[in-house]
Amino acid sequence: MISVKGPGVKIVAAILAPIALVFGVYSTFFQSAGFVDGTATIVSIEEDPDYIPDPDKANDVQYIVTAKYTVDGKEYTTKLDSYDPSYKVGGKVAIKYDPKNPEKMTSGFTLGIVFMIIGAVMLLGIIFLTVKKKASVKELKETNGDFTFAPSVKGEERALYFLTDLGTVKAGHHLEDKNRKVIYEAKMTKFSPMSAFKFDFIDRENNKTTPHLIGHTEETDWNSLILDNNYTFTFDGKDIWKQLRKLGVTINSRLSGVMPKYTICLNGDELACAESTSQYVHEEDEAEHKVAGKMPVQGFYRVRTREKNLDLLFVILVAMARSGATDERGGSRKMLFNTLKGE
(Lines give C-alpha, C1' and ligand atoms only; values in the text may rest on other atoms or scores of the structure.)
Protein backbone atom coordinates (compact mmCIF):
# COMPACT_ATOMS: atom_id res chain seq x y z
CA MET A 1 0.00 0.00 0.00
CA ILE A 2 1.39 3.40 -0.97
CA SER A 3 0.09 6.64 0.45
CA VAL A 4 1.20 10.25 0.42
CA LYS A 5 1.43 12.08 3.70
CA GLY A 6 1.65 15.49 2.07
CA PRO A 7 -0.38 17.04 -0.81
CA GLY A 8 -0.42 14.20 -3.39
CA VAL A 9 -2.19 16.14 -6.12
CA LYS A 10 0.20 15.07 -8.86
CA ILE A 11 -0.29 11.36 -8.10
CA VAL A 12 -4.07 11.72 -7.97
CA ALA A 13 -4.07 13.73 -11.21
CA ALA A 14 -1.97 11.07 -12.97
CA ILE A 15 -4.62 8.48 -12.08
CA LEU A 16 -7.72 10.57 -12.80
CA ALA A 17 -6.57 12.32 -16.00
CA PRO A 18 -6.70 9.26 -18.34
CA ILE A 19 -9.97 8.13 -16.74
CA ALA A 20 -11.54 11.55 -17.39
CA LEU A 21 -10.25 11.59 -20.98
CA VAL A 22 -11.51 8.09 -21.79
CA PHE A 23 -14.92 8.80 -20.27
CA GLY A 24 -15.13 12.14 -22.10
CA VAL A 25 -14.18 10.69 -25.49
CA TYR A 26 -16.56 7.74 -25.07
CA SER A 27 -19.59 9.80 -24.00
CA THR A 28 -18.97 12.51 -26.61
CA PHE A 29 -18.06 10.49 -29.70
CA PHE A 30 -19.29 6.95 -29.12
CA GLN A 31 -22.24 7.08 -26.75
CA SER A 32 -24.02 9.55 -29.05
CA ALA A 33 -22.82 7.99 -32.32
CA GLY A 34 -25.60 7.99 -34.94
CA PHE A 35 -27.58 10.76 -33.24
CA VAL A 36 -29.26 13.30 -35.54
CA ASP A 37 -29.88 17.02 -35.13
CA GLY A 38 -33.17 18.29 -33.78
CA THR A 39 -34.82 21.23 -32.03
CA ALA A 40 -36.53 21.30 -28.63
CA THR A 41 -38.74 23.92 -26.98
CA ILE A 42 -38.09 24.88 -23.35
CA VAL A 43 -41.19 24.37 -21.22
CA SER A 44 -39.82 25.16 -17.74
CA ILE A 45 -36.75 26.42 -15.89
CA GLU A 46 -36.74 25.67 -12.16
CA GLU A 47 -34.20 25.83 -9.32
CA ASP A 48 -32.84 22.42 -8.34
CA PRO A 49 -34.25 21.75 -4.83
CA ASP A 50 -31.55 19.15 -4.11
CA TYR A 51 -28.61 21.42 -4.95
CA ILE A 52 -26.58 22.62 -1.94
CA PRO A 53 -25.28 26.15 -2.67
CA ASP A 54 -21.75 27.28 -1.82
CA PRO A 55 -22.03 29.74 1.11
CA ASP A 56 -18.98 31.63 -0.18
CA LYS A 57 -20.66 32.32 -3.53
CA ALA A 58 -23.41 34.89 -4.00
CA ASN A 59 -26.57 33.65 -5.76
CA ASP A 60 -25.19 30.14 -6.18
CA VAL A 61 -28.12 28.39 -7.87
CA GLN A 62 -28.44 25.36 -10.13
CA TYR A 63 -31.32 25.04 -12.60
CA ILE A 64 -33.30 22.16 -14.06
CA VAL A 65 -34.36 22.84 -17.64
CA THR A 66 -37.23 20.80 -19.13
CA ALA A 67 -37.90 20.80 -22.87
CA LYS A 68 -40.12 19.02 -25.38
CA TYR A 69 -39.46 17.91 -28.94
CA THR A 70 -41.34 15.96 -31.60
CA VAL A 71 -40.07 13.02 -33.65
CA ASP A 72 -42.29 11.38 -36.30
CA GLY A 73 -45.36 13.03 -34.83
CA LYS A 74 -44.68 11.83 -31.26
CA GLU A 75 -43.86 14.36 -28.54
CA TYR A 76 -41.15 13.73 -25.97
CA THR A 77 -40.49 15.69 -22.77
CA THR A 78 -37.17 15.45 -20.94
CA LYS A 79 -34.64 17.32 -18.81
CA LEU A 80 -31.78 18.93 -20.70
CA ASP A 81 -28.21 18.08 -19.77
CA SER A 82 -27.11 21.70 -20.18
CA TYR A 83 -28.02 25.17 -18.96
CA ASP A 84 -27.29 28.62 -20.31
CA PRO A 85 -28.38 32.01 -18.91
CA SER A 86 -29.87 32.80 -22.31
CA TYR A 87 -32.42 29.98 -21.94
CA LYS A 88 -36.04 31.19 -21.69
CA VAL A 89 -39.35 29.39 -21.44
CA GLY A 90 -40.66 29.02 -25.00
CA GLY A 91 -37.15 29.36 -26.44
CA LYS A 92 -35.61 26.89 -28.87
CA VAL A 93 -32.59 24.67 -28.12
CA ALA A 94 -30.53 22.60 -30.54
CA ILE A 95 -30.42 18.92 -29.55
CA LYS A 96 -29.25 15.57 -30.86
CA TYR A 97 -31.35 12.43 -30.48
CA ASP A 98 -31.19 8.76 -31.36
CA PRO A 99 -33.54 8.15 -34.32
CA LYS A 100 -33.89 4.51 -33.23
CA ASN A 101 -34.80 5.52 -29.69
CA PRO A 102 -35.82 9.22 -29.67
CA GLU A 103 -36.05 9.31 -25.87
CA LYS A 104 -32.24 9.30 -25.81
CA MET A 105 -31.04 12.85 -26.47
CA THR A 106 -28.32 15.31 -25.57
CA SER A 107 -27.99 19.07 -25.73
CA GLY A 108 -25.41 21.83 -25.57
CA PHE A 109 -22.11 21.56 -23.73
CA THR A 110 -22.25 17.91 -22.72
CA LEU A 111 -20.68 16.32 -19.67
CA GLY A 112 -18.35 14.36 -21.92
CA ILE A 113 -16.76 17.53 -23.26
CA VAL A 114 -16.29 18.79 -19.71
CA PHE A 115 -14.48 15.57 -18.78
CA MET A 116 -12.29 15.77 -21.89
CA ILE A 117 -11.23 19.30 -20.99
CA ILE A 118 -10.54 18.36 -17.36
CA GLY A 119 -8.50 15.30 -18.37
CA ALA A 120 -6.51 17.23 -20.97
CA VAL A 121 -5.73 20.06 -18.54
CA MET A 122 -4.55 17.60 -15.88
CA LEU A 123 -2.33 15.73 -18.36
CA LEU A 124 -0.81 18.95 -19.68
CA GLY A 125 -0.21 20.05 -16.08
CA ILE A 126 1.59 16.79 -15.26
CA ILE A 127 3.76 17.05 -18.40
CA PHE A 128 4.57 20.70 -17.64
CA LEU A 129 5.51 19.95 -14.03
CA THR A 130 7.64 16.94 -15.03
CA VAL A 131 9.59 18.98 -17.60
CA LYS A 132 9.91 21.85 -15.13
CA LYS A 133 11.19 19.50 -12.42
CA LYS A 134 13.89 18.07 -14.69
CA ALA A 135 14.98 21.58 -15.65
CA SER A 136 15.05 22.66 -11.98
CA VAL A 137 17.07 19.61 -10.91
CA LYS A 138 19.53 20.16 -13.78
CA GLU A 139 19.91 23.81 -12.79
CA LEU A 140 20.52 22.85 -9.15
CA LYS A 141 23.12 20.27 -10.14
CA GLU A 142 24.95 22.88 -12.18
CA THR A 143 24.81 25.25 -9.18
CA ASN A 144 25.49 22.82 -6.31
CA GLY A 145 27.37 20.02 -8.05
CA ASP A 146 26.89 16.43 -6.92
CA PHE A 147 25.39 15.46 -3.56
CA THR A 148 28.57 16.01 -1.53
CA PHE A 149 29.50 17.83 1.65
CA ALA A 150 32.59 19.30 3.25
CA PRO A 151 34.82 16.79 5.10
CA SER A 152 33.91 16.11 8.71
CA VAL A 153 35.89 18.33 11.08
CA LYS A 154 35.69 17.85 14.86
CA GLY A 155 35.84 20.55 17.52
CA GLU A 156 34.49 21.13 20.99
CA GLU A 157 31.18 19.46 21.80
CA ARG A 158 28.21 21.82 21.75
CA ALA A 159 24.48 21.62 22.40
CA LEU A 160 22.22 22.58 19.50
CA TYR A 161 18.45 22.66 19.13
CA PHE A 162 16.55 21.70 15.96
CA LEU A 163 13.07 23.21 15.50
CA THR A 164 10.36 22.87 12.85
CA ASP A 165 7.78 25.49 11.92
CA LEU A 166 4.28 24.38 12.88
CA GLY A 167 0.91 25.66 11.67
CA THR A 168 2.11 26.96 8.30
CA VAL A 169 2.15 25.53 4.76
CA LYS A 170 5.65 26.95 4.31
CA ALA A 171 7.07 24.71 7.02
CA GLY A 172 10.78 25.32 7.46
CA HIS A 173 13.45 24.21 9.93
CA HIS A 174 16.26 25.83 11.87
CA LEU A 175 19.11 24.91 14.16
CA GLU A 176 19.94 27.22 17.04
CA ASP A 177 22.44 27.28 19.89
CA LYS A 178 21.73 27.34 23.62
CA ASN A 179 21.44 31.15 23.43
CA ARG A 180 18.65 30.78 20.82
CA LYS A 181 20.82 32.19 18.06
CA VAL A 182 19.91 30.65 14.68
CA ILE A 183 23.04 29.19 13.11
CA TYR A 184 21.54 27.14 10.27
CA GLU A 185 18.09 27.16 8.66
CA ALA A 186 16.02 25.87 5.76
CA LYS A 187 13.59 28.51 4.48
CA MET A 188 10.90 27.56 1.96
CA THR A 189 10.97 30.03 -0.91
CA LYS A 190 8.20 28.44 -2.99
CA PHE A 191 5.25 26.24 -2.00
CA SER A 192 3.69 23.97 -4.63
CA PRO A 193 0.91 21.39 -4.12
CA MET A 194 1.96 19.41 -7.21
CA SER A 195 5.76 19.70 -7.40
CA ALA A 196 8.78 19.92 -5.15
CA PHE A 197 9.15 22.76 -2.67
CA LYS A 198 11.99 25.22 -3.19
CA PHE A 199 14.20 25.87 -0.17
CA ASP A 200 17.21 27.97 0.69
CA PHE A 201 19.56 26.23 3.13
CA ILE A 202 21.37 29.02 4.97
CA ASP A 203 24.59 28.41 6.91
CA ARG A 204 24.74 31.55 9.06
CA GLU A 205 28.08 30.61 10.65
CA ASN A 206 29.78 30.60 7.25
CA ASN A 207 27.43 33.07 5.51
CA LYS A 208 26.54 30.54 2.79
CA THR A 209 23.19 29.90 1.05
CA THR A 210 22.46 26.79 -1.02
CA PRO A 211 19.17 26.17 -2.91
CA HIS A 212 17.51 22.76 -2.74
CA LEU A 213 14.33 21.05 -3.97
CA ILE A 214 12.39 18.99 -1.40
CA GLY A 215 9.56 16.73 -2.59
CA HIS A 216 6.36 15.80 -0.79
CA THR A 217 6.71 13.07 1.81
CA GLU A 218 5.65 9.59 0.68
CA GLU A 219 4.84 6.57 2.83
CA THR A 220 5.00 2.91 1.83
CA ASP A 221 3.05 0.87 4.38
CA TRP A 222 3.64 -2.89 4.44
CA ASN A 223 1.31 -3.45 7.44
CA SER A 224 3.73 -5.93 8.94
CA LEU A 225 6.12 -6.11 11.90
CA ILE A 226 8.60 -7.97 9.70
CA LEU A 227 8.48 -5.74 6.63
CA ASP A 228 9.16 -2.17 7.71
CA ASN A 229 7.31 0.92 6.59
CA ASN A 230 9.25 3.42 4.51
CA TYR A 231 8.98 7.21 4.81
CA THR A 232 10.88 9.31 2.32
CA PHE A 233 10.93 12.29 -0.03
CA THR A 234 13.06 13.47 -2.92
CA PHE A 235 15.97 15.82 -2.30
CA ASP A 236 17.13 17.56 -5.47
CA GLY A 237 15.21 14.97 -7.49
CA LYS A 238 16.49 11.79 -5.76
CA ASP A 239 15.42 9.72 -2.77
CA ILE A 240 16.89 11.41 0.31
CA TRP A 241 17.72 8.19 2.19
CA LYS A 242 19.41 6.55 -0.78
CA GLN A 243 21.63 9.62 -1.16
CA LEU A 244 22.52 9.66 2.53
CA ARG A 245 23.33 5.93 2.59
CA LYS A 246 25.69 6.38 -0.36
CA LEU A 247 27.58 8.92 1.72
CA GLY A 248 27.92 6.38 4.55
CA VAL A 249 25.28 7.77 6.91
CA THR A 250 23.78 5.42 9.49
CA ILE A 251 21.24 6.17 12.24
CA ASN A 252 20.91 3.94 15.29
CA SER A 253 17.75 4.72 17.26
CA ARG A 254 16.09 3.53 20.45
CA LEU A 255 13.49 4.66 22.98
CA SER A 256 14.55 6.22 26.26
CA GLY A 257 11.29 6.39 28.16
CA VAL A 258 8.93 7.98 25.63
CA MET A 259 11.66 10.02 23.90
CA PRO A 260 13.41 8.50 20.86
CA LYS A 261 17.19 8.90 20.84
CA TYR A 262 19.44 8.72 17.78
CA THR A 263 23.13 8.12 17.22
CA ILE A 264 24.02 9.55 13.81
CA CYS A 265 27.23 8.25 12.24
CA LEU A 266 29.23 8.93 9.08
CA ASN A 267 31.30 5.99 7.84
CA GLY A 268 31.21 4.52 11.34
CA ASP A 269 32.33 7.70 13.14
CA GLU A 270 29.84 9.47 15.36
CA LEU A 271 28.53 12.67 13.81
CA ALA A 272 26.00 13.61 16.49
CA CYS A 273 23.59 12.35 19.13
CA ALA A 274 20.01 13.61 18.91
CA GLU A 275 16.97 13.25 21.14
CA SER A 276 13.36 13.89 20.18
CA THR A 277 11.67 16.54 22.31
CA SER A 278 8.40 18.40 22.49
CA GLN A 279 8.13 21.76 20.74
CA TYR A 280 9.84 23.13 23.86
CA VAL A 281 13.35 22.05 22.90
CA HIS A 282 15.27 24.19 25.38
CA GLU A 283 15.58 22.70 28.84
CA GLU A 284 14.29 25.79 30.60
CA ASP A 285 11.16 25.85 28.37
CA GLU A 286 10.56 22.16 28.98
CA ALA A 287 10.76 22.74 32.74
CA GLU A 288 8.18 25.51 32.44
CA HIS A 289 5.79 23.28 30.46
CA LYS A 290 6.16 20.12 32.54
CA VAL A 291 3.37 18.04 31.00
CA ALA A 292 3.66 19.10 27.34
CA GLY A 293 7.43 18.99 27.60
CA LYS A 294 7.35 15.22 28.09
CA MET A 295 5.55 14.47 24.82
CA PRO A 296 7.73 14.01 21.70
CA VAL A 297 6.74 16.01 18.62
CA GLN A 298 8.06 15.10 15.18
CA GLY A 299 10.62 17.59 13.92
CA PHE A 300 12.05 18.79 17.26
CA TYR A 301 15.42 17.55 18.55
CA ARG A 302 18.15 18.31 21.06
CA VAL A 303 21.48 17.66 19.42
CA ARG A 304 24.97 17.19 20.84
CA THR A 305 27.80 17.26 18.32
CA ARG A 306 31.50 18.00 17.88
CA GLU A 307 30.98 18.58 14.19
CA LYS A 308 32.06 21.99 12.86
CA ASN A 309 30.69 21.61 9.32
CA LEU A 310 26.94 21.36 9.86
CA ASP A 311 25.78 20.95 6.22
CA LEU A 312 25.40 17.17 6.26
CA LEU A 313 24.10 16.99 9.83
CA PHE A 314 21.44 19.59 9.07
CA VAL A 315 20.26 17.69 5.98
CA ILE A 316 20.00 14.47 8.03
CA LEU A 317 17.92 16.24 10.69
CA VAL A 318 15.66 17.73 7.99
CA ALA A 319 15.21 14.21 6.53
CA MET A 320 14.22 12.85 9.94
CA ALA A 321 11.91 15.79 10.68
CA ARG A 322 10.06 15.80 7.35
CA SER A 323 9.73 12.04 6.85
CA GLY A 324 9.30 10.77 10.40
CA ALA A 325 11.78 7.97 9.65
CA THR A 326 14.00 6.75 12.49
CA ASP A 327 16.81 5.06 10.56
CA GLU A 328 18.89 5.58 7.42
CA ARG A 329 16.63 3.31 5.36
CA GLY A 330 13.62 5.54 5.94
CA GLY A 331 12.09 2.94 8.26
CA SER A 332 10.43 3.16 11.66
CA ARG A 333 10.71 -0.26 13.33
CA LYS A 334 14.47 -0.58 13.85
CA MET A 335 14.05 1.69 16.88
CA LEU A 336 11.54 -0.73 18.43
CA PHE A 337 13.85 -3.73 17.96
CA ASN A 338 16.84 -1.81 19.35
CA THR A 339 14.79 -0.84 22.40
CA LEU A 340 13.69 -4.42 23.00
CA LYS A 341 17.32 -5.59 22.68
CA GLY A 342 18.36 -2.94 25.20
CA GLU A 343 20.69 -1.08 22.84
# chains A, B, ... in the order shown; residues from 1 in each chain; ligands from 1
$ select_by_dssp --residues "stretch 68-231 of chain A" --states "helix (DSSP H, G or I)" --output "VMD selection string"
chain A and resid 111 to 144
$ closest_atom_pairs --of "stretch 239-265 of chain A" --to "stretch 324-338 of chain A" --cutoff "6 Å" --atoms "only C-alpha atoms" --output "JSON lines"
{"residue": "A:Trp241", "atom": "CA", "partner": "A:Arg329", "partner_atom": "CA", "distance": 5.9}
{"residue": "A:Thr250", "atom": "CA", "partner": "A:Glu328", "partner_atom": "CA", "distance": 5.3}
{"residue": "A:Ile251", "atom": "CA", "partner": "A:Asp327", "partner_atom": "CA", "distance": 4.9}
{"residue": "A:Ser253", "atom": "CA", "partner": "A:Met335", "partner_atom": "CA", "distance": 4.8}
{"residue": "A:Arg254", "atom": "CA", "partner": "A:Met335", "partner_atom": "CA", "distance": 4.5}
$ residues_around --residues "A:Ile42" --least-positions-apart "3" --cutoff "9 Å" --atoms "only C-alpha atoms" --output "list in words"
Ile45, Val65, Thr66, Ala67, Lys68, Tyr87, Lys88, Val89, Gly90, Gly91, Lys92 and Val93 of chain A
$ closest_residue --among "A:Gly155, A:Leu310, A:Lys246, A:Ile316" --to "A:Tyr262" --atoms "only C-alpha atoms"
A:Ile316
$ closest_residue --among "A:Glu205, A:Asp146, A:Glu283, A:Glu218" --to "A:Lys178" --atoms "only C-alpha atoms"
A:Glu283
